[in-house]
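Shown below: start.cif, with mmCIF, C-alpha atoms.
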data_coords
loop_
_atom_site.group_PDB
_atom_site.id
_atom_site.type_symbol
_atom_site.label_atom_id
_atom_site.label_comp_id
_atom_site.auth_asym_id
_atom_site.auth_seq_id
_atom_site.Cartn_x
_atom_site.Cartn_y
_atom_site.Cartn_z
ATOM 1 C CA MET Q 11 3.243 28.265 -0.223
ATOM 2 C CA PRO Q 12 -0.287 28.430 1.140
ATOM 3 C CA PRO Q 13 -2.687 25.747 -0.084
ATOM 4 C CA ALA Q 14 -4.601 26.543 -3.247
ATOM 5 C CA ALA Q 15 -7.994 28.019 -2.606
ATOM 6 C CA ALA Q 16 -10.930 25.850 -3.557
ATOM 7 C CA LYS Q 17 -12.982 27.123 -6.442
ATOM 8 C CA PRO Q 18 -16.766 27.017 -6.532
ATOM 9 C CA PRO Q 19 -18.106 23.833 -8.089
ATOM 10 C CA VAL Q 20 -18.830 23.700 -11.772
ATOM 11 C CA SER Q 21 -22.438 22.893 -12.508
ATOM 12 C CA ASN Q 22 -23.392 20.540 -15.272
ATOM 13 C CA PRO Q 23 -25.735 22.003 -17.860
ATOM 14 C CA PRO Q 24 -29.308 21.087 -16.990
ATOM 15 C CA ALA Q 25 -30.789 18.136 -18.765
ATOM 16 C CA HIS Q 26 -33.991 18.624 -20.721
ATOM 17 C CA SER Q 27 -37.061 17.895 -18.674
ATOM 18 C CA GLY Q 28 -39.986 16.037 -20.064
ATOM 19 C CA PRO Q 29 -43.628 17.015 -19.699
ATOM 20 C CA GLY Q 30 -43.756 15.320 -16.317
ATOM 21 C CA GLY Q 31 -41.047 17.483 -14.783
ATOM 22 C CA ARG Q 32 -37.395 16.668 -14.223
ATOM 23 C CA SER Q 33 -35.968 13.999 -16.502
ATOM 24 C CA PRO Q 34 -34.369 10.821 -15.117
ATOM 25 C CA LEU Q 35 -31.015 12.003 -16.471
ATOM 26 C CA ASN Q 36 -31.308 15.292 -14.609
ATOM 27 C CA PHE Q 37 -32.293 13.441 -11.429
ATOM 28 C CA LEU Q 38 -29.264 11.161 -11.747
ATOM 29 C CA ALA Q 39 -26.871 14.050 -12.483
ATOM 30 C CA ASN Q 40 -27.884 15.757 -9.238
ATOM 31 C CA ASN Q 41 -28.115 12.744 -6.923
ATOM 32 C CA ALA Q 42 -24.642 12.437 -5.405
ATOM 33 C CA TYR Q 43 -25.422 9.299 -3.403
ATOM 34 C CA LEU Q 44 -26.756 7.371 -6.381
ATOM 35 C CA LEU Q 45 -23.827 8.496 -8.554
ATOM 36 C CA LEU Q 46 -21.245 7.447 -5.959
ATOM 37 C CA ALA Q 47 -23.003 4.125 -5.383
ATOM 38 C CA LEU Q 48 -22.926 3.416 -9.133
ATOM 39 C CA ALA Q 49 -19.234 4.332 -9.345
ATOM 40 C CA THR Q 50 -18.302 1.958 -6.521
ATOM 41 C CA LEU Q 51 -20.511 -0.779 -8.011
ATOM 42 C CA PHE Q 52 -18.560 -0.574 -11.268
ATOM 43 C CA TRP Q 53 -15.228 -0.442 -9.415
ATOM 44 C CA GLY Q 54 -16.199 -3.401 -7.248
ATOM 45 C CA GLY Q 55 -16.691 -5.364 -10.446
ATOM 46 C CA ASN Q 56 -13.370 -4.035 -11.712
ATOM 47 C CA MET Q 57 -11.505 -5.391 -8.668
ATOM 48 C CA VAL Q 58 -13.091 -8.827 -9.065
ATOM 49 C CA LEU Q 59 -12.381 -8.814 -12.797
ATOM 50 C CA GLY Q 60 -8.788 -7.613 -12.362
ATOM 51 C CA ARG Q 61 -8.032 -10.569 -10.123
ATOM 52 C CA TYR Q 62 -9.962 -13.015 -12.324
ATOM 53 C CA VAL Q 63 -7.993 -12.164 -15.493
ATOM 54 C CA ALA Q 64 -4.605 -11.937 -13.730
ATOM 55 C CA GLY Q 65 -2.119 -13.945 -15.750
ATOM 56 C CA HIS Q 66 -4.341 -13.864 -18.840
ATOM 57 C CA VAL Q 67 -4.530 -10.150 -19.664
ATOM 58 C CA PRO Q 68 -1.232 -8.251 -19.090
ATOM 59 C CA PRO Q 69 -1.807 -5.508 -16.475
ATOM 60 C CA VAL Q 70 -0.337 -2.523 -18.331
ATOM 61 C CA ALA Q 71 -2.066 -3.579 -21.546
ATOM 62 C CA LEU Q 72 -5.372 -3.771 -19.669
ATOM 63 C CA ALA Q 73 -4.902 -0.237 -18.352
ATOM 64 C CA GLN Q 74 -3.588 1.121 -21.666
ATOM 65 C CA VAL Q 75 -6.339 -0.290 -23.868
ATOM 66 C CA ARG Q 76 -8.913 0.626 -21.242
ATOM 67 C CA TRP Q 77 -8.063 4.318 -21.243
ATOM 68 C CA THR Q 78 -7.210 4.673 -24.921
ATOM 69 C CA ALA Q 79 -10.527 3.120 -25.932
ATOM 70 C CA ALA Q 80 -12.447 5.156 -23.340
ATOM 71 C CA PHE Q 81 -10.806 8.360 -24.587
ATOM 72 C CA LEU Q 82 -11.631 7.597 -28.231
ATOM 73 C CA ILE Q 83 -15.250 6.787 -27.337
ATOM 74 C CA VAL Q 84 -15.905 9.983 -25.374
ATOM 75 C CA LEU Q 85 -13.914 12.306 -27.636
ATOM 76 C CA PRO Q 86 -16.645 12.859 -30.289
ATOM 77 C CA PHE Q 87 -19.142 13.764 -27.545
ATOM 78 C CA CYS Q 88 -16.643 15.997 -25.746
ATOM 79 C CA TRP Q 89 -15.094 17.692 -28.768
ATOM 80 C CA ARG Q 90 -17.129 20.911 -28.893
ATOM 81 C CA HIS Q 91 -16.718 21.434 -25.148
ATOM 82 C CA LEU Q 92 -13.009 20.644 -25.392
ATOM 83 C CA VAL Q 93 -12.492 23.201 -28.180
ATOM 84 C CA ARG Q 94 -14.326 25.861 -26.201
ATOM 85 C CA ASP Q 95 -12.406 25.143 -22.989
ATOM 86 C CA ILE Q 96 -8.951 24.540 -24.457
ATOM 87 C CA GLY Q 97 -7.592 27.873 -23.206
ATOM 88 C CA GLU Q 98 -8.608 27.133 -19.611
ATOM 89 C CA ILE Q 99 -7.212 23.616 -19.905
ATOM 90 C CA ARG Q 100 -3.858 24.966 -21.081
ATOM 91 C CA ARG Q 101 -3.751 27.406 -18.167
ATOM 92 C CA HIS Q 102 -4.195 24.525 -15.744
ATOM 93 C CA ILE Q 103 -2.213 21.876 -17.612
ATOM 94 C CA GLY Q 104 0.048 21.249 -14.610
ATOM 95 C CA LEU Q 105 -2.864 20.461 -12.296
ATOM 96 C CA ILE Q 106 -4.641 18.365 -14.935
ATOM 97 C CA SER Q 107 -1.432 16.435 -15.623
ATOM 98 C CA VAL Q 108 -1.019 15.592 -11.928
ATOM 99 C CA MET Q 109 -4.645 14.461 -11.744
ATOM 100 C CA SER Q 110 -4.289 12.383 -14.921
ATOM 101 C CA GLY Q 111 -1.095 10.768 -13.678
ATOM 102 C CA ALA Q 112 -2.543 9.977 -10.251
ATOM 103 C CA GLY Q 113 -6.163 9.070 -11.032
ATOM 104 C CA ILE Q 114 -5.885 7.579 -14.514
ATOM 105 C CA ALA Q 115 -2.383 6.246 -15.204
ATOM 106 C CA ALA Q 116 -0.957 5.331 -11.781
ATOM 107 C CA TYR Q 117 -4.029 4.110 -9.898
ATOM 108 C CA ASN Q 118 -5.334 1.668 -12.461
ATOM 109 C CA THR Q 119 -2.002 0.342 -13.689
ATOM 110 C CA LEU Q 120 -0.597 -0.212 -10.200
ATOM 111 C CA SER Q 121 -3.867 -1.856 -9.115
ATOM 112 C CA TYR Q 122 -3.789 -4.301 -12.018
ATOM 113 C CA VAL Q 123 -0.105 -5.093 -11.467
ATOM 114 C CA GLY Q 124 -0.743 -5.552 -7.745
ATOM 115 C CA LEU Q 125 -3.651 -7.904 -8.397
ATOM 116 C CA GLN Q 126 -1.240 -10.218 -10.246
ATOM 117 C CA TYR Q 127 0.201 -11.059 -6.806
ATOM 118 C CA ALA Q 128 -2.369 -9.996 -4.199
ATOM 119 C CA THR Q 129 -5.585 -11.807 -3.385
ATOM 120 C CA ALA Q 130 -8.873 -10.086 -4.163
ATOM 121 C CA ILE Q 131 -9.634 -10.054 -0.420
ATOM 122 C CA SER Q 132 -6.468 -8.210 0.573
ATOM 123 C CA GLY Q 133 -6.877 -5.890 -2.438
ATOM 124 C CA VAL Q 134 -10.351 -4.859 -1.303
ATOM 125 C CA LEU Q 135 -9.068 -4.368 2.243
ATOM 126 C CA VAL Q 136 -6.351 -2.009 0.993
ATOM 127 C CA VAL Q 137 -8.809 -0.061 -1.193
ATOM 128 C CA SER Q 138 -10.948 0.413 1.905
ATOM 129 C CA THR Q 139 -8.307 2.765 3.310
ATOM 130 C CA ALA Q 140 -9.208 5.299 0.581
ATOM 131 C CA PRO Q 141 -11.516 7.453 2.767
ATOM 132 C CA LEU Q 142 -8.744 7.946 5.327
ATOM 133 C CA LEU Q 143 -6.225 8.826 2.606
ATOM 134 C CA ILE Q 144 -8.658 11.277 1.000
ATOM 135 C CA GLY Q 145 -9.022 12.919 4.396
ATOM 136 C CA PHE Q 146 -5.224 13.066 4.655
ATOM 137 C CA TRP Q 147 -4.841 14.776 1.266
ATOM 138 C CA SER Q 148 -7.738 17.154 1.980
ATOM 139 C CA PHE Q 149 -5.956 18.274 5.131
ATOM 140 C CA VAL Q 150 -2.559 18.598 3.417
ATOM 141 C CA LEU Q 151 -3.940 20.553 0.460
ATOM 142 C CA TYR Q 152 -6.740 22.616 1.995
ATOM 143 C CA ARG Q 153 -6.437 22.198 5.758
ATOM 144 C CA ASP Q 154 -9.872 20.559 5.675
ATOM 145 C CA ARG Q 155 -10.289 18.495 8.815
ATOM 146 C CA MET Q 156 -12.601 15.524 8.945
ATOM 147 C CA THR Q 157 -15.483 16.161 11.315
ATOM 148 C CA PRO Q 158 -16.041 13.856 14.311
ATOM 149 C CA ALA Q 159 -19.037 12.401 12.447
ATOM 150 C CA GLN Q 160 -16.867 11.672 9.399
ATOM 151 C CA ILE Q 161 -14.150 10.042 11.516
ATOM 152 C CA GLY Q 162 -16.701 7.961 13.396
ATOM 153 C CA GLY Q 163 -18.559 6.978 10.234
ATOM 154 C CA VAL Q 164 -15.382 5.994 8.390
ATOM 155 C CA THR Q 165 -14.274 3.920 11.384
ATOM 156 C CA LEU Q 166 -17.637 2.160 11.631
ATOM 157 C CA SER Q 167 -17.789 1.364 7.914
ATOM 158 C CA LEU Q 168 -14.160 0.181 7.994
ATOM 159 C CA VAL Q 169 -15.160 -2.243 10.765
ATOM 160 C CA GLY Q 170 -17.906 -3.452 8.438
ATOM 161 C CA VAL Q 171 -15.366 -4.022 5.663
ATOM 162 C CA ALA Q 172 -13.134 -5.956 8.056
ATOM 163 C CA PHE Q 173 -16.136 -8.022 9.176
ATOM 164 C CA ILE Q 174 -16.851 -9.100 5.593
ATOM 165 C CA ILE Q 175 -13.223 -9.829 4.733
ATOM 166 C CA GLY Q 176 -12.584 -11.653 8.004
ATOM 167 C CA ARG Q 177 -15.848 -13.626 7.668
ATOM 168 C CA GLY Q 178 -16.755 -12.519 11.168
ATOM 169 C CA ASP Q 179 -13.581 -14.031 12.639
ATOM 170 C CA PRO Q 180 -10.832 -11.616 13.827
ATOM 171 C CA ALA Q 181 -8.300 -14.459 13.557
ATOM 172 C CA VAL Q 182 -8.673 -14.394 9.752
ATOM 173 C CA LEU Q 183 -7.589 -10.748 9.649
ATOM 174 C CA ALA Q 184 -4.761 -11.412 12.062
ATOM 175 C CA HIS Q 185 -3.263 -13.921 9.631
ATOM 176 C CA LEU Q 186 -3.519 -11.751 6.509
ATOM 177 C CA LYS Q 187 -0.037 -10.884 5.268
ATOM 178 C CA LEU Q 188 1.001 -8.100 2.922
ATOM 179 C CA ASN Q 189 2.936 -9.082 -0.172
ATOM 180 C CA PRO Q 190 4.476 -6.898 -2.909
ATOM 181 C CA GLY Q 191 1.128 -6.820 -4.715
ATOM 182 C CA ASP Q 192 -0.574 -5.359 -1.654
ATOM 183 C CA VAL Q 193 2.108 -2.670 -1.411
ATOM 184 C CA LEU Q 194 1.508 -1.683 -5.039
ATOM 185 C CA ILE Q 195 -2.223 -1.394 -4.360
ATOM 186 C CA VAL Q 196 -1.469 0.817 -1.325
ATOM 187 C CA VAL Q 197 0.522 3.154 -3.594
ATOM 188 C CA ALA Q 198 -2.313 3.041 -6.151
ATOM 189 C CA VAL Q 199 -4.944 4.019 -3.582
ATOM 190 C CA PHE Q 200 -2.692 6.769 -2.235
ATOM 191 C CA ALA Q 201 -2.526 8.166 -5.788
ATOM 192 C CA TYR Q 202 -6.284 7.965 -6.298
ATOM 193 C CA ALA Q 203 -6.907 9.673 -2.970
ATOM 194 C CA LEU Q 204 -4.799 12.587 -4.245
ATOM 195 C CA TYR Q 205 -6.885 12.698 -7.441
ATOM 196 C CA SER Q 206 -10.097 12.679 -5.374
ATOM 197 C CA ALA Q 207 -8.951 15.543 -3.163
ATOM 198 C CA LEU Q 208 -7.768 17.603 -6.156
ATOM 199 C CA LEU Q 209 -11.236 17.398 -7.710
ATOM 200 C CA LYS Q 210 -12.143 20.184 -5.307
ATOM 201 C CA GLN Q 211 -10.043 22.643 -7.321
ATOM 202 C CA ARG Q 212 -10.449 21.296 -10.831
ATOM 203 C CA PRO Q 213 -10.529 23.939 -13.583
ATOM 204 C CA GLN Q 214 -13.733 25.770 -14.378
ATOM 205 C CA VAL Q 215 -14.468 23.776 -17.533
ATOM 206 C CA HIS Q 216 -17.350 21.622 -18.705
ATOM 207 C CA PRO Q 217 -17.308 18.106 -17.157
ATOM 208 C CA MET Q 218 -17.023 16.601 -20.642
ATOM 209 C CA SER Q 219 -13.914 18.704 -21.338
ATOM 210 C CA PHE Q 220 -12.366 17.672 -18.041
ATOM 211 C CA ILE Q 221 -12.956 13.954 -18.487
ATOM 212 C CA ALA Q 222 -11.596 14.039 -22.055
ATOM 213 C CA ALA Q 223 -8.490 15.964 -20.989
ATOM 214 C CA THR Q 224 -7.679 13.654 -18.064
ATOM 215 C CA MET Q 225 -8.337 10.482 -20.058
ATOM 216 C CA GLY Q 226 -6.289 11.746 -23.000
ATOM 217 C CA LEU Q 227 -3.311 12.711 -20.877
ATOM 218 C CA GLY Q 228 -3.569 9.580 -18.728
ATOM 219 C CA GLN Q 229 -3.528 7.168 -21.648
ATOM 220 C CA ALA Q 230 -0.632 9.077 -23.244
ATOM 221 C CA MET Q 231 1.411 8.632 -20.051
ATOM 222 C CA LEU Q 232 0.949 4.865 -20.245
ATOM 223 C CA TRP Q 233 2.347 4.339 -23.755
ATOM 224 C CA PRO Q 234 6.035 3.982 -22.704
ATOM 225 C CA PHE Q 235 5.112 1.372 -20.079
ATOM 226 C CA PHE Q 236 2.892 -0.438 -22.572
ATOM 227 C CA ALA Q 237 5.786 -0.554 -25.067
ATOM 228 C CA TRP Q 238 8.075 -1.940 -22.343
ATOM 229 C CA GLU Q 239 5.534 -4.636 -21.476
ATOM 230 C CA LEU Q 240 5.221 -5.643 -25.136
ATOM 231 C CA ALA Q 241 9.009 -5.766 -25.467
ATOM 232 C CA SER Q 242 9.137 -8.106 -22.463
ATOM 233 C CA GLY Q 243 6.958 -10.598 -24.325
ATOM 234 C CA LEU Q 244 3.553 -9.987 -22.704
ATOM 235 C CA HIS Q 245 0.741 -9.674 -25.246
ATOM 236 C CA LEU Q 246 -3.054 -9.529 -25.291
ATOM 237 C CA HIS Q 247 -4.838 -12.756 -26.239
ATOM 238 C CA ALA Q 248 -7.547 -12.242 -28.862
ATOM 239 C CA ASP Q 249 -10.243 -14.329 -27.189
ATOM 240 C CA ALA Q 250 -13.689 -13.899 -25.665
ATOM 241 C CA LEU Q 251 -12.417 -13.371 -22.114
ATOM 242 C CA THR Q 252 -10.101 -10.560 -23.218
ATOM 243 C CA PHE Q 253 -12.774 -8.784 -25.263
ATOM 244 C CA ALA Q 254 -15.396 -9.117 -22.520
ATOM 245 C CA SER Q 255 -12.953 -7.832 -19.897
ATOM 246 C CA LEU Q 256 -11.975 -4.835 -22.022
ATOM 247 C CA ALA Q 257 -15.617 -4.019 -22.771
ATOM 248 C CA TYR Q 258 -16.444 -3.931 -19.070
ATOM 249 C CA VAL Q 259 -13.459 -1.850 -17.953
ATOM 250 C CA VAL Q 260 -13.896 0.637 -20.815
ATOM 251 C CA LEU Q 261 -17.647 1.223 -20.636
ATOM 252 C CA PHE Q 262 -18.381 0.759 -16.949
ATOM 253 C CA ALA Q 263 -15.210 0.968 -14.815
ATOM 254 C CA SER Q 264 -13.847 3.892 -16.869
ATOM 255 C CA ILE Q 265 -16.412 6.051 -18.669
ATOM 256 C CA ALA Q 266 -19.499 5.555 -16.487
ATOM 257 C CA ALA Q 267 -17.674 5.288 -13.141
ATOM 258 C CA TYR Q 268 -15.433 8.334 -13.625
ATOM 259 C CA PHE Q 269 -18.271 10.562 -14.808
ATOM 260 C CA ALA Q 270 -20.345 9.435 -11.815
ATOM 261 C CA PHE Q 271 -17.553 9.793 -9.247
ATOM 262 C CA ASN Q 272 -16.395 13.203 -10.493
ATOM 263 C CA ARG Q 273 -19.946 14.550 -10.391
ATOM 264 C CA GLY Q 274 -20.599 13.030 -6.959
ATOM 265 C CA VAL Q 275 -17.488 14.683 -5.484
ATOM 266 C CA GLU Q 276 -18.485 17.956 -7.145
ATOM 267 C CA LEU Q 277 -21.848 17.809 -5.374
ATOM 268 C CA ILE Q 278 -20.818 16.849 -1.814
ATOM 269 C CA GLY Q 279 -17.014 17.208 -1.587
ATOM 270 C CA PRO Q 280 -14.202 14.655 -1.249
ATOM 271 C CA ASN Q 281 -14.441 13.978 2.498
ATOM 272 C CA ARG Q 282 -18.130 13.073 2.343
ATOM 273 C CA ALA Q 283 -17.662 11.103 -0.889
ATOM 274 C CA GLY Q 284 -14.669 9.099 0.383
ATOM 275 C CA PRO Q 285 -16.615 6.653 2.622
ATOM 276 C CA PHE Q 286 -18.466 5.363 -0.437
ATOM 277 C CA PHE Q 287 -15.292 3.423 -1.259
ATOM 278 C CA HIS Q 288 -16.392 1.070 1.499
ATOM 279 C CA LEU Q 289 -19.226 -0.045 -0.780
ATOM 280 C CA ILE Q 290 -16.653 -1.731 -3.041
ATOM 281 C CA PRO Q 291 -16.442 -4.893 -0.860
ATOM 282 C CA VAL Q 292 -20.230 -4.860 -0.523
ATOM 283 C CA PHE Q 293 -20.712 -4.885 -4.266
ATOM 284 C CA GLY Q 294 -17.709 -7.155 -4.803
ATOM 285 C CA SER Q 295 -19.064 -9.849 -2.511
ATOM 286 C CA ALA Q 296 -22.570 -9.488 -3.986
ATOM 287 C CA LEU Q 297 -21.165 -9.893 -7.509
ATOM 288 C CA ALA Q 298 -19.243 -12.964 -6.353
ATOM 289 C CA VAL Q 299 -22.525 -14.454 -5.142
ATOM 290 C CA LEU Q 300 -24.298 -13.652 -8.428
ATOM 291 C CA PHE Q 301 -21.599 -14.611 -10.915
ATOM 292 C CA LEU Q 302 -19.111 -16.877 -9.148
ATOM 293 C CA GLY Q 303 -21.565 -19.039 -7.248
ATOM 294 C CA GLU Q 304 -20.395 -18.028 -3.771
ATOM 295 C CA ARG Q 305 -22.959 -18.324 -0.986
ATOM 296 C CA PRO Q 306 -24.092 -15.351 1.115
ATOM 297 C CA ALA Q 307 -23.368 -15.681 4.833
ATOM 298 C CA TRP Q 308 -24.433 -13.960 8.040
ATOM 299 C CA TYR Q 309 -21.254 -11.889 8.229
ATOM 300 C CA HIS Q 310 -22.075 -10.303 4.853
ATOM 301 C CA GLY Q 311 -25.303 -8.943 6.308
ATOM 302 C CA VAL Q 312 -23.628 -7.613 9.452
ATOM 303 C CA GLY Q 313 -20.873 -5.999 7.407
ATOM 304 C CA TYR Q 314 -23.337 -4.386 5.002
ATOM 305 C CA VAL Q 315 -25.325 -2.860 7.864
ATOM 306 C CA LEU Q 316 -22.178 -1.465 9.528
ATOM 307 C CA ILE Q 317 -20.928 0.004 6.225
ATOM 308 C CA LEU Q 318 -24.247 1.640 5.362
ATOM 309 C CA CYS Q 319 -24.622 3.053 8.889
ATOM 310 C CA GLY Q 320 -21.078 4.404 8.717
ATOM 311 C CA ILE Q 321 -21.727 6.107 5.373
ATOM 312 C CA ALA Q 322 -24.961 7.610 6.715
ATOM 313 C CA ILE Q 323 -23.091 9.031 9.725
ATOM 314 C CA THR Q 324 -20.420 10.639 7.522
ATOM 315 C CA GLN Q 325 -23.089 12.568 5.615
ATOM 316 C CA ARG Q 326 -24.037 14.614 8.692
ATOM 317 C CA ARG Q 327 -23.062 18.189 8.038
ATOM 318 C CA ARG Q 328 -20.946 20.228 10.415
ATOM 319 C CA PRO Q 329 -23.221 22.377 12.643
ATOM 320 C CA ALA Q 330 -23.323 26.041 11.616
ATOM 321 C CA ALA Q 331 -21.282 28.300 13.875
#
Starting from the coordinates I provided, produce the structure as structure tokens.
Amino acid sequence: MPPAAAKPPVSNPPAHSGPGGRSPLNFLANNAYLLLALATLFWGGNMVLGRYVAGHVPPVALAQVRWTAAFLIVLPFCWRHLVRDIGEIRRHIGLISVMSGAGIAAYNTLSYVGLQYATAISGVLVVSTAPLLIGFWSFVLYRDRMTPAQIGGVTLSLVGVAFIIGRGDPAVLAHLKLNPGDVLIVVAVFAYALYSALLKQRPQVHPMSFIAATMGLGQAMLWPFFAWELASGLHLHADALTFASLAYVVLFASIAAYFAFNRGVELIGPNRAGPFFHLIPVFGSALAVLFLGERPAWYHGVGYVLILCGIAITQRRRPAA
């Protein structure tokens, strides 16, 4: 079968402008680069947190509670849009189910399980392959080829990621070894890359309807695995660390990040949005400095510059024929 044709992007309803012109909310909703930077900031924190609570918060429970709580929080705000768009959602339930399974259920659960065994460093390195995998899925689904600028920019920013992880020493990277946790994170990123590419053809519904539908379906898919985890004897601990972790992943890594990422991809497309995943190690290392007491080093600065230059190069548009 030929690849599905991409539909024109769905525009968010305009925010109300104040007497001084465009409102800050309207500015944010139409600034793809700021939205994508915020999404990767929240996900960088999520990677650090996922490793920090490994062994304390069961991985499937973390994903299950995360998405169930996020769904219940957004549902009252999404309800009127969801009711209006329910017919369109039903017509595209197959596509939405695939996106929910890949981007909500599989990605987060496999990442949390993988972080039980993988180091945060190797996890960030694996996540940094996301732009290449998004390009792969974009080609498979739509025959969209990455431009030379996108390939060069992704390569340059990936070098920056490697520079940070290897602390400026190639020998460090040479001695990194994959373990089963790393493999699970590879599968997780592969799934999220599919979700990112499929955003190009998401149904013509309000963004609030779409996020509610994907969150609702995604959390429903996790219930059998959550029940299995409970039956195996793994339970949530009712303590401050658990509640703080859940609050962060629900409000920031789920609701805020997914709204921001979906809108950013809608504005500039998956191939140009993909390189922003390379900001995850930038934000992750910066958060480690702020909250874990780690010291900044020269290789952080070099890596940041390479990543930002690579992202800037990928944003060059293909010359008109």
| said: Evaluated on this file, the PyMOL selection byres ((chain Q and resi 194) around 8) picks out some residues - which ones are they, written as a ChimeraX atom specification? | reply: /Q:120-121,123-124,190-193,195-198
Output file for the residues above (C-alpha atoms, as a PDB file, in the frame of the given file):
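Result file result14.pdb:
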ATOM      1  CA  LEU Q 120      -0.597  -0.212 -10.200  1.00  0.00           C
ATOM      2  CA  SER Q 121      -3.867  -1.856  -9.115  1.00  0.00           C
ATOM      3  CA  VAL Q 123      -0.105  -5.093 -11.467  1.00  0.00           C
ATOM      4  CA  GLY Q 124      -0.743  -5.552  -7.745  1.00  0.00           C
ATOM      5  CA  PRO Q 190       4.476  -6.898  -2.909  1.00  0.00           C
ATOM      6  CA  GLY Q 191       1.128  -6.820  -4.715  1.00  0.00           C
ATOM      7  CA  ASP Q 192      -0.574  -5.359  -1.654  1.00  0.00           C
ATOM      8  CA  VAL Q 193       2.108  -2.670  -1.411  1.00  0.00           C
ATOM      9  CA  ILE Q 195      -2.223  -1.394  -4.360  1.00  0.00           C
ATOM     10  CA  VAL Q 196      -1.469   0.817  -1.325  1.00  0.00           C
ATOM     11  CA  VAL Q 197       0.522   3.154  -3.594  1.00  0.00           C
ATOM     12  CA  ALA Q 198      -2.313   3.041  -6.151  1.00  0.00           C
TER      13      ALA Q 198
END
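The spacing separating atom CA of Q:Leu318 from atom CA of Q:Leu151 amounts to 28.2 Å.
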| said: Can you spell out as a ChimeraX atom specification the set of residues that the PyMOL selection byres ((chain Q and resi 325) around 12) selects in the structure I just provided? | reply: /Q:42-43,156-164,278-286,318-324,326-328
Any chance you can output those residues with C-alpha atoms as an mmCIF file, in the coordinates of the input?
data_model
loop_
_atom_site.group_PDB
_atom_site.id
_atom_site.type_symbol
_atom_site.label_atom_id
_atom_site.label_comp_id
_atom_site.auth_asym_id
_atom_site.auth_seq_id
_atom_site.Cartn_x
_atom_site.Cartn_y
_atom_site.Cartn_z
ATOM 1 C CA ALA Q 42 -24.642 12.437 -5.405
ATOM 2 C CA TYR Q 43 -25.422 9.299 -3.403
ATOM 3 C CA MET Q 156 -12.601 15.524 8.945
ATOM 4 C CA THR Q 157 -15.483 16.161 11.315
ATOM 5 C CA PRO Q 158 -16.041 13.856 14.311
ATOM 6 C CA ALA Q 159 -19.037 12.401 12.447
ATOM 7 C CA GLN Q 160 -16.867 11.672 9.399
ATOM 8 C CA ILE Q 161 -14.150 10.042 11.516
ATOM 9 C CA GLY Q 162 -16.701 7.961 13.396
ATOM 10 C CA GLY Q 163 -18.559 6.978 10.234
ATOM 11 C CA VAL Q 164 -15.382 5.994 8.390
ATOM 12 C CA ILE Q 278 -20.818 16.849 -1.814
ATOM 13 C CA GLY Q 279 -17.014 17.208 -1.587
ATOM 14 C CA PRO Q 280 -14.202 14.655 -1.249
ATOM 15 C CA ASN Q 281 -14.441 13.978 2.498
ATOM 16 C CA ARG Q 282 -18.130 13.073 2.343
ATOM 17 C CA ALA Q 283 -17.662 11.103 -0.889
ATOM 18 C CA GLY Q 284 -14.669 9.099 0.383
ATOM 19 C CA PRO Q 285 -16.615 6.653 2.622
ATOM 20 C CA PHE Q 286 -18.466 5.363 -0.437
ATOM 21 C CA LEU Q 318 -24.247 1.640 5.362
ATOM 22 C CA CYS Q 319 -24.622 3.053 8.889
ATOM 23 C CA GLY Q 320 -21.078 4.404 8.717
ATOM 24 C CA ILE Q 321 -21.727 6.107 5.373
ATOM 25 C CA ALA Q 322 -24.961 7.610 6.715
ATOM 26 C CA ILE Q 323 -23.091 9.031 9.725
ATOM 27 C CA THR Q 324 -20.420 10.639 7.522
ATOM 28 C CA ARG Q 326 -24.037 14.614 8.692
ATOM 29 C CA ARG Q 327 -23.062 18.189 8.038
ATOM 30 C CA ARG Q 328 -20.946 20.228 10.415
#
| field | Explicit residues for the PyMOL selection byres ((chain Q and resi 50) around 9) (as JSON, numbers by chain) | value | {"Q": [45, 46, 47, 48, 49, 51, 52, 53, 54, 55, 263, 267, 271, 286, 287, 288, 289, 290, 293]}
| request: Considering only C-alpha atoms, state which residue in the set Q:Arg212, Q:Arg101, Q:Arg177, Q:His66 is at the smallest distance from Q:His247. | output: Q:His66
| For the atom pair atom CA of Q:Ala71 and atom CA of Q:Thr139, what is the interatomic distance in Å to one decimal place? |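 Between atom CA of Q:Ala71 and atom CA of Q:Thr139 the gap works out to 26.4 Å.
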| Got a sec: who's within 12 Å of Q:Phe301, counting only C-alpha atoms, leaving out chain neighbours fewer than 3 positions off, as a PyMOL selection string? | chain Q and resi 55+58-59+62+293-298+304-305
Output file for the selection above: C-alpha atoms, as an mmCIF file, in the coordinates of the input:
data_model
loop_
_atom_site.group_PDB
_atom_site.id
_atom_site.type_symbol
_atom_site.label_atom_id
_atom_site.label_comp_id
_atom_site.auth_asym_id
_atom_site.auth_seq_id
_atom_site.Cartn_x
_atom_site.Cartn_y
_atom_site.Cartn_z
ATOM 1 C CA GLY Q 55 -16.691 -5.364 -10.446
ATOM 2 C CA VAL Q 58 -13.091 -8.827 -9.065
ATOM 3 C CA LEU Q 59 -12.381 -8.814 -12.797
ATOM 4 C CA TYR Q 62 -9.962 -13.015 -12.324
ATOM 5 C CA PHE Q 293 -20.712 -4.885 -4.266
ATOM 6 C CA GLY Q 294 -17.709 -7.155 -4.803
ATOM 7 C CA SER Q 295 -19.064 -9.849 -2.511
ATOM 8 C CA ALA Q 296 -22.570 -9.488 -3.986
ATOM 9 C CA LEU Q 297 -21.165 -9.893 -7.509
ATOM 10 C CA ALA Q 298 -19.243 -12.964 -6.353
ATOM 11 C CA GLU Q 304 -20.395 -18.028 -3.771
ATOM 12 C CA ARG Q 305 -22.959 -18.324 -0.986
#
| query | Nearest to Q:Leu125 among Q:Glu276, Q:Gln211, Q:Asn56, Q:Gly104, with distances taken over all atoms listed in the file: which residue is it? | reply |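 Residue with the minimum atom-to-atom distance to Q:Leu125: Q:Asn56.
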